[in-house]
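Pasting run_39.cif here (mmCIF, C-alpha atoms):
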```cif
data_protein
#
loop_
_atom_site.group_PDB
_atom_site.id
_atom_site.type_symbol
_atom_site.label_atom_id
_atom_site.label_comp_id
_atom_site.auth_asym_id
_atom_site.auth_seq_id
_atom_site.Cartn_x
_atom_site.Cartn_y
_atom_site.Cartn_z
ATOM 1 C CA MET A 1 66.910 -11.179 61.612
ATOM 2 C CA THR A 2 70.600 -11.929 62.054
ATOM 3 C CA SER A 3 73.302 -9.598 63.273
ATOM 4 C CA SER A 4 76.843 -10.375 64.317
ATOM 5 C CA PRO A 5 78.225 -8.176 67.113
ATOM 6 C CA ALA A 6 82.013 -8.270 67.464
ATOM 7 C CA PRO A 7 83.941 -10.471 67.998
ATOM 8 C CA PHE A 8 81.525 -12.745 66.168
ATOM 9 C CA ALA A 9 81.359 -12.953 62.374
ATOM 10 C CA ALA A 10 78.571 -13.977 60.019
ATOM 11 C CA PRO A 11 78.809 -17.444 58.439
ATOM 12 C CA ALA A 12 80.385 -17.620 54.981
ATOM 13 C CA SER A 13 77.623 -19.957 53.776
ATOM 14 C CA GLY A 14 74.876 -22.269 54.939
ATOM 15 C CA ALA A 15 77.304 -25.163 54.664
ATOM 16 C CA ALA A 16 79.879 -23.347 56.788
ATOM 17 C CA LEU A 17 77.184 -22.560 59.357
ATOM 18 C CA GLU A 18 76.202 -26.205 59.766
ATOM 19 C CA GLU A 19 79.337 -28.169 58.914
ATOM 20 C CA GLY A 20 82.149 -25.745 59.683
ATOM 21 C CA THR A 21 84.348 -25.131 62.690
ATOM 22 C CA GLN A 22 83.826 -21.370 62.907
ATOM 23 C CA LEU A 23 81.555 -20.022 65.630
ATOM 24 C CA THR A 24 79.137 -17.714 63.796
ATOM 25 C CA PRO A 25 76.188 -17.345 66.157
ATOM 26 C CA ARG A 26 72.935 -16.205 64.618
ATOM 27 C CA PHE A 27 71.562 -13.621 67.032
ATOM 28 C CA ASP A 28 67.877 -12.826 66.539
ATOM 29 C CA ALA A 29 66.256 -9.443 65.899
ATOM 30 C CA ASN A 30 66.760 -8.638 69.589
ATOM 31 C CA GLY A 31 70.424 -9.625 69.444
ATOM 32 C CA LEU A 32 69.904 -12.859 71.381
ATOM 33 C CA ILE A 33 70.510 -16.573 71.118
ATOM 34 C CA THR A 34 68.805 -19.177 73.300
ATOM 35 C CA CYS A 35 70.726 -21.060 75.964
ATOM 36 C CA VAL A 36 69.631 -24.302 77.599
ATOM 37 C CA ALA A 37 71.429 -25.027 80.864
ATOM 38 C CA VAL A 38 71.595 -28.670 81.902
ATOM 39 C CA ASP A 39 73.076 -30.301 84.980
ATOM 40 C CA ALA A 40 76.572 -31.466 83.997
ATOM 41 C CA HIS A 41 76.232 -34.661 86.007
ATOM 42 C CA THR A 42 72.604 -35.766 85.613
ATOM 43 C CA GLY A 43 71.781 -34.121 82.279
ATOM 44 C CA GLU A 44 68.579 -32.672 83.759
ATOM 45 C CA VAL A 45 67.366 -29.529 81.982
ATOM 46 C CA LEU A 46 67.646 -26.772 84.584
ATOM 47 C CA MET A 47 66.600 -23.588 82.797
ATOM 48 C CA LEU A 48 66.332 -21.775 79.510
ATOM 49 C CA ALA A 49 67.611 -18.245 79.103
ATOM 50 C CA HIS A 50 69.083 -15.894 76.522
ATOM 51 C CA MET A 51 72.529 -14.566 75.705
ATOM 52 C CA ASN A 52 73.563 -11.509 73.743
ATOM 53 C CA GLY A 53 77.035 -11.263 72.228
ATOM 54 C CA ASP A 54 78.586 -9.978 75.443
ATOM 55 C CA ALA A 55 76.968 -12.694 77.556
ATOM 56 C CA LEU A 56 78.179 -15.404 75.178
ATOM 57 C CA ALA A 57 81.707 -13.973 75.033
ATOM 58 C CA LEU A 58 81.902 -13.616 78.838
ATOM 59 C CA THR A 59 80.607 -17.138 79.380
ATOM 60 C CA MET A 60 83.235 -18.500 76.984
ATOM 61 C CA ALA A 61 86.034 -16.441 78.507
ATOM 62 C CA THR A 62 85.261 -17.056 82.184
ATOM 63 C CA GLY A 63 83.545 -20.461 82.181
ATOM 64 C CA GLU A 64 80.808 -18.927 84.327
ATOM 65 C CA ALA A 65 77.298 -18.553 82.858
ATOM 66 C CA HIS A 66 76.275 -15.034 81.878
ATOM 67 C CA TYR A 67 72.901 -14.191 80.386
ATOM 68 C CA PHE A 68 70.966 -11.229 79.047
ATOM 69 C CA SER A 69 67.782 -10.465 80.953
ATOM 70 C CA ARG A 70 64.993 -9.518 78.565
ATOM 71 C CA SER A 71 62.838 -8.128 81.359
ATOM 72 C CA ARG A 72 65.584 -6.016 82.911
ATOM 73 C CA GLY A 73 67.307 -5.254 79.602
ATOM 74 C CA LYS A 74 70.765 -6.020 80.927
ATOM 75 C CA LEU A 75 73.591 -8.480 81.086
ATOM 76 C CA TRP A 76 73.838 -10.494 84.271
ATOM 77 C CA LYS A 77 76.110 -13.092 85.716
ATOM 78 C CA LYS A 78 74.039 -16.024 86.912
ATOM 79 C CA GLY A 79 74.177 -16.127 90.688
ATOM 80 C CA GLU A 80 75.412 -12.576 91.131
ATOM 81 C CA SER A 81 72.629 -11.782 93.598
ATOM 82 C CA SER A 82 71.623 -15.253 94.791
ATOM 83 C CA GLY A 83 74.911 -17.176 94.868
ATOM 84 C CA HIS A 84 73.451 -19.719 92.451
ATOM 85 C CA THR A 85 76.313 -19.531 90.000
ATOM 86 C CA GLN A 86 76.747 -21.919 87.083
ATOM 87 C CA LYS A 87 80.226 -23.230 86.339
ATOM 88 C CA VAL A 88 80.211 -24.259 82.685
ATOM 89 C CA LEU A 89 81.977 -27.556 82.037
ATOM 90 C CA GLU A 90 80.957 -27.825 78.378
ATOM 91 C CA MET A 91 79.215 -25.677 75.787
ATOM 92 C CA ARG A 92 77.687 -26.886 72.552
ATOM 93 C CA VAL A 93 76.161 -24.986 69.641
ATOM 94 C CA ASP A 94 73.392 -26.283 67.402
ATOM 95 C CA CYS A 95 73.266 -26.856 63.645
ATOM 96 C CA ASP A 96 72.093 -23.378 62.697
ATOM 97 C CA GLN A 97 73.971 -21.678 65.545
ATOM 98 C CA ASP A 98 71.049 -19.882 67.145
ATOM 99 C CA ALA A 99 71.132 -21.921 70.354
ATOM 100 C CA VAL A 100 73.669 -23.301 72.802
ATOM 101 C CA VAL A 101 73.532 -25.957 75.482
ATOM 102 C CA ILE A 102 75.720 -25.509 78.549
ATOM 103 C CA LYS A 103 76.504 -28.289 80.995
ATOM 104 C CA VAL A 104 76.832 -26.696 84.412
ATOM 105 C CA GLU A 105 77.697 -27.280 88.021
ATOM 106 C CA MET A 106 75.407 -25.206 90.216
ATOM 107 C CA GLY A 107 76.672 -23.145 93.115
ATOM 108 C CA GLY A 108 74.764 -22.276 96.281
ATOM 109 C CA THR A 109 71.892 -24.579 97.160
ATOM 110 C CA GLY A 110 71.871 -26.083 93.674
ATOM 111 C CA ALA A 111 68.695 -24.261 92.709
ATOM 112 C CA ALA A 112 68.802 -22.894 89.158
ATOM 113 C CA CYS A 113 65.258 -21.494 89.236
ATOM 114 C CA HIS A 114 64.379 -18.125 90.716
ATOM 115 C CA THR A 115 61.464 -19.838 92.526
ATOM 116 C CA GLY A 116 64.056 -21.715 94.594
ATOM 117 C CA ARG A 117 63.761 -25.032 92.781
ATOM 118 C CA ARG A 118 66.559 -27.057 91.206
ATOM 119 C CA SER A 119 64.973 -26.802 87.747
ATOM 120 C CA CYS A 120 62.572 -24.318 86.189
ATOM 121 C CA PHE A 121 60.754 -27.325 84.697
ATOM 122 C CA TYR A 122 59.010 -28.422 87.902
ATOM 123 C CA ARG A 123 55.553 -28.988 86.439
ATOM 124 C CA THR A 124 54.353 -31.681 84.039
ATOM 125 C CA VAL A 125 51.843 -31.099 81.251
ATOM 126 C CA PRO A 126 49.283 -33.899 80.720
ATOM 127 C CA LEU A 127 49.383 -35.795 77.422
ATOM 128 C CA GLY A 128 46.760 -37.822 75.570
ATOM 129 C CA ALA A 129 43.944 -35.295 75.535
ATOM 130 C CA ALA A 130 43.441 -31.951 73.848
ATOM 131 C CA PRO A 131 44.037 -29.045 76.238
ATOM 132 C CA GLY A 132 40.941 -27.541 77.805
ATOM 133 C CA PRO A 133 39.500 -26.182 81.028
ATOM 134 C CA ASP A 134 40.212 -29.461 82.804
ATOM 135 C CA THR A 135 43.901 -29.539 81.900
ATOM 136 C CA LYS A 136 45.870 -29.615 85.122
ATOM 137 C CA LEU A 137 49.616 -29.315 85.524
ATOM 138 C CA GLY A 138 51.298 -31.691 87.965
ATOM 139 C CA PHE A 139 54.179 -30.881 90.296
ATOM 140 C CA THR A 140 57.275 -33.063 90.025
ATOM 141 C CA GLY A 141 58.342 -32.890 93.648
ATOM 142 C CA ASP A 142 61.157 -30.412 92.955
ATOM 143 C CA THR A 143 60.445 -28.196 95.955
ATOM 144 C CA PRO A 144 62.046 -24.821 96.765
ATOM 145 C CA ARG A 145 65.469 -24.916 98.401
ATOM 146 C CA PHE A 146 65.447 -21.267 99.423
ATOM 147 C CA ASP A 147 62.978 -18.442 99.950
ATOM 148 C CA PRO A 148 63.073 -16.261 96.844
ATOM 149 C CA ALA A 149 61.622 -13.251 98.681
ATOM 150 C CA ALA A 150 64.455 -13.391 101.199
ATOM 151 C CA VAL A 151 67.137 -13.674 98.519
ATOM 152 C CA TYR A 152 65.856 -11.352 95.850
ATOM 153 C CA GLY A 153 63.559 -9.094 97.885
ATOM 154 C CA LYS A 154 61.161 -8.750 94.981
ATOM 155 C CA PRO A 155 59.977 -10.583 91.878
ATOM 156 C CA HIS A 156 62.841 -11.432 89.568
ATOM 157 C CA ASP A 157 63.292 -13.257 86.305
ATOM 158 C CA HIS A 158 65.471 -16.308 86.698
ATOM 159 C CA MET B 1 54.389 -9.595 74.079
ATOM 160 C CA THR B 2 51.953 -12.225 75.297
ATOM 161 C CA SER B 3 48.885 -13.538 73.546
ATOM 162 C CA SER B 4 46.761 -16.541 74.397
ATOM 163 C CA PRO B 5 45.259 -18.342 71.407
ATOM 164 C CA ALA B 6 42.332 -20.665 72.261
ATOM 165 C CA PRO B 7 42.130 -23.044 74.036
ATOM 166 C CA PHE B 8 44.790 -21.433 76.192
ATOM 167 C CA ALA B 9 44.015 -18.698 78.717
ATOM 168 C CA ALA B 10 46.156 -15.949 80.190
ATOM 169 C CA PRO B 11 47.394 -16.458 83.759
ATOM 170 C CA ALA B 12 45.304 -14.893 86.521
ATOM 171 C CA SER B 13 48.424 -13.537 88.225
ATOM 172 C CA GLY B 14 52.168 -13.908 88.411
ATOM 173 C CA ALA B 15 51.731 -16.265 91.339
ATOM 174 C CA ALA B 16 49.268 -18.397 89.372
ATOM 175 C CA LEU B 17 51.682 -18.469 86.445
ATOM 176 C CA GLU B 18 54.534 -19.822 88.556
ATOM 177 C CA GLU B 19 52.862 -21.733 91.359
ATOM 178 C CA GLY B 20 49.514 -22.745 89.875
ATOM 179 C CA THR B 21 48.251 -25.846 88.102
ATOM 180 C CA GLN B 22 46.696 -24.074 85.111
ATOM 181 C CA LEU B 23 48.532 -24.239 81.794
ATOM 182 C CA THR B 24 48.731 -20.604 80.637
ATOM 183 C CA PRO B 25 51.535 -20.571 78.067
ATOM 184 C CA ARG B 26 53.123 -17.212 77.341
ATOM 185 C CA PHE B 27 53.476 -17.100 73.578
ATOM 186 C CA ASP B 28 55.853 -14.412 72.319
ATOM 187 C CA ALA B 29 55.160 -11.595 69.852
ATOM 188 C CA ASN B 30 55.320 -14.175 67.044
ATOM 189 C CA GLY B 31 52.887 -16.475 68.831
ATOM 190 C CA LEU B 32 55.561 -19.002 69.801
ATOM 191 C CA ILE B 33 56.987 -20.756 72.824
ATOM 192 C CA THR B 34 60.344 -22.562 72.854
ATOM 193 C CA CYS B 35 60.521 -26.339 73.033
ATOM 194 C CA VAL B 36 63.585 -28.347 74.058
ATOM 195 C CA ALA B 37 63.414 -31.991 72.966
ATOM 196 C CA VAL B 38 65.525 -34.411 75.004
ATOM 197 C CA ASP B 39 66.042 -38.152 74.632
ATOM 198 C CA ALA B 40 63.609 -39.820 77.028
ATOM 199 C CA HIS B 41 66.136 -42.493 77.949
ATOM 200 C CA THR B 42 69.515 -40.751 78.021
ATOM 201 C CA GLY B 43 68.402 -37.177 78.751
ATOM 202 C CA GLU B 44 70.590 -35.881 75.885
ATOM 203 C CA VAL B 45 69.380 -32.585 74.428
ATOM 204 C CA LEU B 46 68.387 -33.400 70.843
ATOM 205 C CA MET B 47 67.028 -30.174 69.399
ATOM 206 C CA LEU B 48 65.400 -26.854 70.110
ATOM 207 C CA ALA B 49 62.358 -25.715 68.153
ATOM 208 C CA HIS B 50 59.220 -23.613 68.500
ATOM 209 C CA MET B 51 55.521 -24.279 68.992
ATOM 210 C CA ASN B 52 52.546 -22.081 68.308
ATOM 211 C CA GLY B 53 49.217 -22.745 70.034
ATOM 212 C CA ASP B 54 48.156 -25.350 67.472
ATOM 213 C CA ALA B 55 51.478 -27.192 67.659
ATOM 214 C CA LEU B 56 51.318 -27.298 71.460
ATOM 215 C CA ALA B 57 47.679 -28.462 71.472
ATOM 216 C CA LEU B 58 48.372 -31.168 68.849
ATOM 217 C CA THR B 59 51.442 -32.399 70.706
ATOM 218 C CA MET B 60 49.432 -32.671 73.918
ATOM 219 C CA ALA B 61 46.488 -34.378 72.218
ATOM 220 C CA THR B 62 48.440 -36.882 70.117
ATOM 221 C CA GLY B 63 51.627 -37.450 72.108
ATOM 222 C CA GLU B 64 53.590 -36.864 68.893
ATOM 223 C CA ALA B 65 55.778 -33.753 68.611
ATOM 224 C CA HIS B 66 54.449 -30.960 66.414
ATOM 225 C CA TYR B 67 56.299 -27.706 65.834
ATOM 226 C CA PHE B 68 55.900 -24.411 64.029
ATOM 227 C CA SER B 69 58.547 -23.751 61.391
ATOM 228 C CA ARG B 70 59.622 -20.126 61.471
ATOM 229 C CA SER B 71 61.365 -20.369 58.085
ATOM 230 C CA ARG B 72 58.439 -22.032 56.337
ATOM 231 C CA GLY B 73 55.751 -20.247 58.343
ATOM 232 C CA LYS B 74 53.757 -23.382 59.010
ATOM 233 C CA LEU B 75 52.856 -26.095 61.452
ATOM 234 C CA TRP B 76 54.610 -29.409 60.941
ATOM 235 C CA LYS B 77 54.569 -32.804 62.525
ATOM 236 C CA LYS B 78 58.126 -33.834 63.334
ATOM 237 C CA GLY B 79 59.080 -36.696 61.012
ATOM 238 C CA GLU B 80 56.313 -36.105 58.488
ATOM 239 C CA SER B 81 58.782 -36.060 55.601
ATOM 240 C CA SER B 82 61.772 -37.907 57.095
ATOM 241 C CA GLY B 83 60.184 -40.554 59.334
ATOM 242 C CA HIS B 84 62.061 -39.117 62.308
ATOM 243 C CA THR B 85 59.025 -38.807 64.514
ATOM 244 C CA GLN B 86 59.165 -37.969 68.207
ATOM 245 C CA LYS B 87 56.895 -39.870 70.585
ATOM 246 C CA VAL B 88 56.467 -37.674 73.638
ATOM 247 C CA LEU B 89 56.660 -39.588 76.911
ATOM 248 C CA GLU B 90 56.626 -36.526 79.154
ATOM 249 C CA MET B 91 56.171 -32.779 78.791
ATOM 250 C CA ARG B 92 57.172 -30.153 81.310
ATOM 251 C CA VAL B 93 56.591 -26.402 81.375
ATOM 252 C CA ASP B 94 58.891 -23.859 82.984
ATOM 253 C CA CYS B 95 58.306 -21.341 85.744
ATOM 254 C CA ASP B 96 57.100 -18.504 83.530
ATOM 255 C CA GLN B 97 55.459 -20.826 81.003
ATOM 256 C CA ASP B 98 57.258 -19.632 77.889
ATOM 257 C CA ALA B 99 59.145 -22.875 77.330
ATOM 258 C CA VAL B 100 58.519 -26.610 77.470
ATOM 259 C CA VAL B 101 60.787 -29.638 77.651
ATOM 260 C CA ILE B 102 59.614 -32.826 75.964
ATOM 261 C CA LYS B 103 61.149 -36.237 76.630
ATOM 262 C CA VAL B 104 60.937 -38.171 73.397
ATOM 263 C CA GLU B 105 61.543 -41.516 71.737
ATOM 264 C CA MET B 106 62.865 -40.961 68.222
ATOM 265 C CA GLY B 107 61.504 -42.831 65.225
ATOM 266 C CA GLY B 108 63.426 -43.715 62.063
ATOM 267 C CA THR B 109 67.185 -43.816 62.388
ATOM 268 C CA GLY B 110 67.064 -41.931 65.699
ATOM 269 C CA ALA B 111 68.383 -38.741 64.138
ATOM 270 C CA ALA B 112 66.604 -35.642 65.435
ATOM 271 C CA CYS B 113 68.714 -33.179 63.413
ATOM 272 C CA HIS B 114 68.000 -32.317 59.790
ATOM 273 C CA THR B 115 71.737 -32.803 59.100
ATOM 274 C CA GLY B 116 71.237 -36.506 59.841
ATOM 275 C CA ARG B 117 72.756 -36.468 63.314
ATOM 276 C CA ARG B 118 71.185 -37.711 66.542
ATOM 277 C CA SER B 119 71.386 -34.269 68.122
ATOM 278 C CA CYS B 120 71.563 -30.765 66.685
ATOM 279 C CA PHE B 121 74.219 -30.015 69.311
ATOM 280 C CA TYR B 122 77.068 -31.883 67.595
ATOM 281 C CA ARG B 123 79.755 -29.204 68.012
ATOM 282 C CA THR B 124 81.507 -28.019 71.142
ATOM 283 C CA VAL B 125 82.441 -24.401 71.833
ATOM 284 C CA PRO B 126 85.843 -23.877 73.506
ATOM 285 C CA LEU B 127 85.908 -22.377 76.995
ATOM 286 C CA GLY B 128 88.574 -20.523 78.946
ATOM 287 C CA ALA B 129 89.477 -17.878 76.378
ATOM 288 C CA ALA B 130 87.632 -14.921 74.905
ATOM 289 C CA PRO B 131 86.235 -15.712 71.447
ATOM 290 C CA GLY B 132 88.326 -14.524 68.525
ATOM 291 C CA PRO B 133 89.637 -15.497 65.107
ATOM 292 C CA ASP B 134 91.301 -18.590 66.533
ATOM 293 C CA THR B 135 88.136 -19.943 68.159
ATOM 294 C CA LYS B 136 87.467 -23.360 66.678
ATOM 295 C CA LEU B 137 84.416 -25.509 67.224
ATOM 296 C CA GLY B 138 85.002 -29.204 67.833
ATOM 297 C CA PHE B 139 82.897 -32.092 66.543
ATOM 298 C CA THR B 140 81.521 -34.504 69.130
ATOM 299 C CA GLY B 141 81.548 -37.630 66.969
ATOM 300 C CA ASP B 142 77.779 -37.561 66.397
ATOM 301 C CA THR B 143 77.973 -38.373 62.682
ATOM 302 C CA PRO B 144 75.094 -38.337 60.166
ATOM 303 C CA ARG B 145 72.850 -41.401 60.130
ATOM 304 C CA PHE B 146 71.189 -40.535 56.831
ATOM 305 C CA ASP B 147 71.797 -38.373 53.773
ATOM 306 C CA PRO B 148 69.712 -35.211 54.223
ATOM 307 C CA ALA B 149 69.745 -34.444 50.483
ATOM 308 C CA ALA B 150 68.223 -37.834 49.739
ATOM 309 C CA VAL B 151 65.519 -37.477 52.392
ATOM 310 C CA TYR B 152 64.559 -33.842 52.062
ATOM 311 C CA GLY B 153 65.769 -33.072 48.549
ATOM 312 C CA LYS B 154 66.664 -29.529 49.536
ATOM 313 C CA PRO B 155 67.778 -27.491 52.538
ATOM 314 C CA HIS B 156 65.310 -27.775 55.395
ATOM 315 C CA ASP B 157 65.047 -26.413 58.893
ATOM 316 C CA HIS B 158 65.099 -29.145 61.487
#
```

Since I need it in another form, could you write the structure as C-alpha cells?
Amino acid sequence: MTSSPAPFAAPASGAALEEGTQLTPRFDANGLITCVAVDAHTGEVLMLAHMNGDALALTMATGEAHYFSRSRGKLWKKGESSGHTQKVLEMRVDCDQDAVVIKVEMGGTGAACHTGRRSCFYRTVPLGAAPGPDTKLGFTGDTPRFDPAAVYGKPHDH
Amino acid sequence: MTSSPAPFAAPASGAALEEGTQLTPRFDANGLITCVAVDAHTGEVLMLAHMNGDALALTMATGEAHYFSRSRGKLWKKGESSGHTQKVLEMRVDCDQDAVVIKVEMGGTGAACHTGRRSCFYRTVPLGAAPGPDTKLGFTGDTPRFDPAAVYGKPHDH
C-alpha cells in the first residue's frame, strides 16, 4: 500500500510518522497522496486533487501547485493551460502523512474548478433525511467565471 | 472504477454529473469517496477521511459524521469511542462527485485528530527548496487536548 519514491523515505516508526519532523509521505498503491487546496485568505476549500512524488517535490521546490492527473496519467502544473495557477503560501501534512493541505492564491480569474467556478464544491447536499429519489443538490451561487470550452477546448479534469 | 451502491444512482451523463441536481457519488474501486471535514465556524481543515455508501447515507440522514475505516474495514460513527462527534451543519459535493466537504461542530474537547489535536494538519511542510535529507516539518502549536492512549487504549486511525 505504501511506497516511497525518492527523495522521500519511509517512516522509521508509527511514532515518527505522527510525532516526528521528517516528511515521510505515505503514497497509496497508485503512488498518490491526496491534496486539499484552500484559499489562503478565506480558508474556503477550493478543490481536491492528487500528487505523486514528483508533483509533491515540485510543489515544495517551486511554491506553485503541481498535481498528478489520474485520468490523463500525467503530472501537471495547475494553471498550465488555463492560467489558473495556485501560488502556495503554506503546506501542511496530516497525522499519518497521506494527505496535505495547501493554502493558495489563485491566478487568472480566481477559478480553481475546471467548470469555471471558484471552488469545485459549488453544490450542497441536503441533510436530515436519508438519500433517495427526491434528494436534490442545491447550487451555492458560485457561478462560472470563464467558459471552460473556450479555455480547454474539450472536457478536462480539474 | 465507479460503482453505485443503493440508494445512489450512476450519473446520466458527464453534464448531469457536473451541472445537475442529482446526487450521483462516484465511489472508487474500494467503494469510497473522500471527505474533508472543516470547522463550521473557522473554516479550518480538521481531517480527511473516507465514506462508503452507508457512511454517506447515514451522515446525510442523521447529520452526524460517519466514516468508513480503511484500516479496520468497517463503518464508524465519528466520536463513538472518544466522544469527539462531528455535527454536520453543511455538506457539499464536488464537480465530479468523488469528494464531499462537511462543515462540522466538534463534540468533546474539540479535537478531531486521533492524536488529541484539533486538526490532523498540525505540521507544516517547508516550501522554496526541493525536499531532501534536511527537510524538516514544523509544528503549528496545535497541541494534544487529550491523551489518546487513555481514550483509545491502542493505536487507532482517526

Exercise. Could you pull the residues within 12 Å of Gly43 in chain B, counting all atoms listed in the file, minus those fewer than 2 positions along the same chain, as a PyMOL selection string?
Worked result: (chain A and resi 38-46) or (chain B and resi 36-41+45-47+90+101-105+119)

Grab the residues selected above and save them as a tab-separated table (two decimals), keeping the file's coordinate frame with C-alpha atoms.
```tsv
chain	number	residue	atom	x	y	z
A	38	VAL	CA	71.60	-28.67	81.90
A	39	ASP	CA	73.08	-30.30	84.98
A	40	ALA	CA	76.57	-31.47	84.00
A	41	HIS	CA	76.23	-34.66	86.01
A	42	THR	CA	72.60	-35.77	85.61
A	43	GLY	CA	71.78	-34.12	82.28
A	44	GLU	CA	68.58	-32.67	83.76
A	45	VAL	CA	67.37	-29.53	81.98
A	46	LEU	CA	67.65	-26.77	84.58
B	36	VAL	CA	63.58	-28.35	74.06
B	37	ALA	CA	63.41	-31.99	72.97
B	38	VAL	CA	65.53	-34.41	75.00
B	39	ASP	CA	66.04	-38.15	74.63
B	40	ALA	CA	63.61	-39.82	77.03
B	41	HIS	CA	66.14	-42.49	77.95
B	45	VAL	CA	69.38	-32.58	74.43
B	46	LEU	CA	68.39	-33.40	70.84
B	47	MET	CA	67.03	-30.17	69.40
B	90	GLU	CA	56.63	-36.53	79.15
B	101	VAL	CA	60.79	-29.64	77.65
B	102	ILE	CA	59.61	-32.83	75.96
B	103	LYS	CA	61.15	-36.24	76.63
B	104	VAL	CA	60.94	-38.17	73.40
B	105	GLU	CA	61.54	-41.52	71.74
B	119	SER	CA	71.39	-34.27	68.12
```

For this session: Write down, as a PyMOL selection string, each residue of chain A that has any atom within 7 Å of an atom of chain B, counting all atoms listed in the file.
Result: chain A and resi 7+21-23+43-44+57+60-63+91-95+120-132+135-138

For this session: Could you give me, as JSON, numbers by chain, the residues within 10 Å of Gly110 in chain B, counting only C-alpha atoms and dropping anything in the same chain fewer than 6 positions from it?
Result: {"B": [39, 83, 84, 85, 86, 116, 117, 118, 119, 145, 146]}

Exercise. What is the CA of Ala55 in chain B-CA of Pro25 in chain A distance in Å, reported with one decimal?
Worked result: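 CA of Pro25 in chain A lies at a distance of 26.6 Å from CA of Ala55 in chain B.
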
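CA of Asp54 in chain A lies 11.5 Å from CA of Phe27 in chain A.
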
Output requested as a CSV table (one decimal), in the frame of the given file - range 135-141 of chain A, filled out with all heavy atoms.
```
chain,number,residue,atom,x,y,z
A,135,THR,N,42.5,-29.2,81.9
A,135,THR,CA,43.9,-29.5,81.9
A,135,THR,C,44.5,-29.1,83.2
A,135,THR,O,44.4,-27.9,83.6
A,135,THR,CB,44.6,-28.8,80.7
A,135,THR,OG1,44.0,-29.3,79.5
A,135,THR,CG2,46.1,-29.1,80.7
A,136,LYS,N,45.2,-30.0,83.8
A,136,LYS,CA,45.9,-29.6,85.1
A,136,LYS,C,47.3,-30.0,85.1
A,136,LYS,O,47.7,-31.1,84.8
A,136,LYS,CB,45.2,-30.4,86.3
A,136,LYS,CG,43.9,-29.8,86.8
A,136,LYS,CD,44.2,-28.7,87.8
A,136,LYS,CE,42.9,-28.1,88.3
A,136,LYS,NZ,42.2,-27.3,87.2
A,137,LEU,N,48.2,-29.0,85.4
A,137,LEU,CA,49.6,-29.3,85.5
A,137,LEU,C,49.9,-30.1,86.8
A,137,LEU,O,49.1,-30.0,87.8
A,137,LEU,CB,50.4,-28.0,85.6
A,137,LEU,CG,50.2,-27.1,84.4
A,137,LEU,CD1,51.0,-25.8,84.7
A,137,LEU,CD2,50.7,-27.7,83.1
A,138,GLY,N,50.9,-30.9,86.8
A,138,GLY,CA,51.3,-31.7,88.0
A,138,GLY,C,52.6,-31.2,88.5
A,138,GLY,O,53.5,-30.8,87.7
A,139,PHE,N,52.9,-31.3,89.7
A,139,PHE,CA,54.2,-30.9,90.3
A,139,PHE,C,55.1,-32.1,90.4
A,139,PHE,O,54.6,-33.2,90.7
A,139,PHE,CB,54.0,-30.2,91.7
A,139,PHE,CG,53.6,-28.8,91.6
A,139,PHE,CD1,52.2,-28.5,91.5
A,139,PHE,CD2,54.5,-27.8,91.6
A,139,PHE,CE1,51.8,-27.2,91.4
A,139,PHE,CE2,54.0,-26.4,91.5
A,139,PHE,CZ,52.7,-26.1,91.4
A,140,THR,N,56.4,-31.9,90.1
A,140,THR,CA,57.3,-33.1,90.0
A,140,THR,C,57.9,-33.5,91.4
A,140,THR,O,58.5,-34.5,91.5
A,140,THR,CB,58.5,-32.7,89.1
A,140,THR,OG1,59.2,-31.6,89.7
A,140,THR,CG2,58.0,-32.4,87.7
A,141,GLY,N,57.7,-32.6,92.4
A,141,GLY,CA,58.3,-32.9,93.6
A,141,GLY,C,59.6,-32.1,93.8
A,141,GLY,O,60.3,-32.3,94.8
```
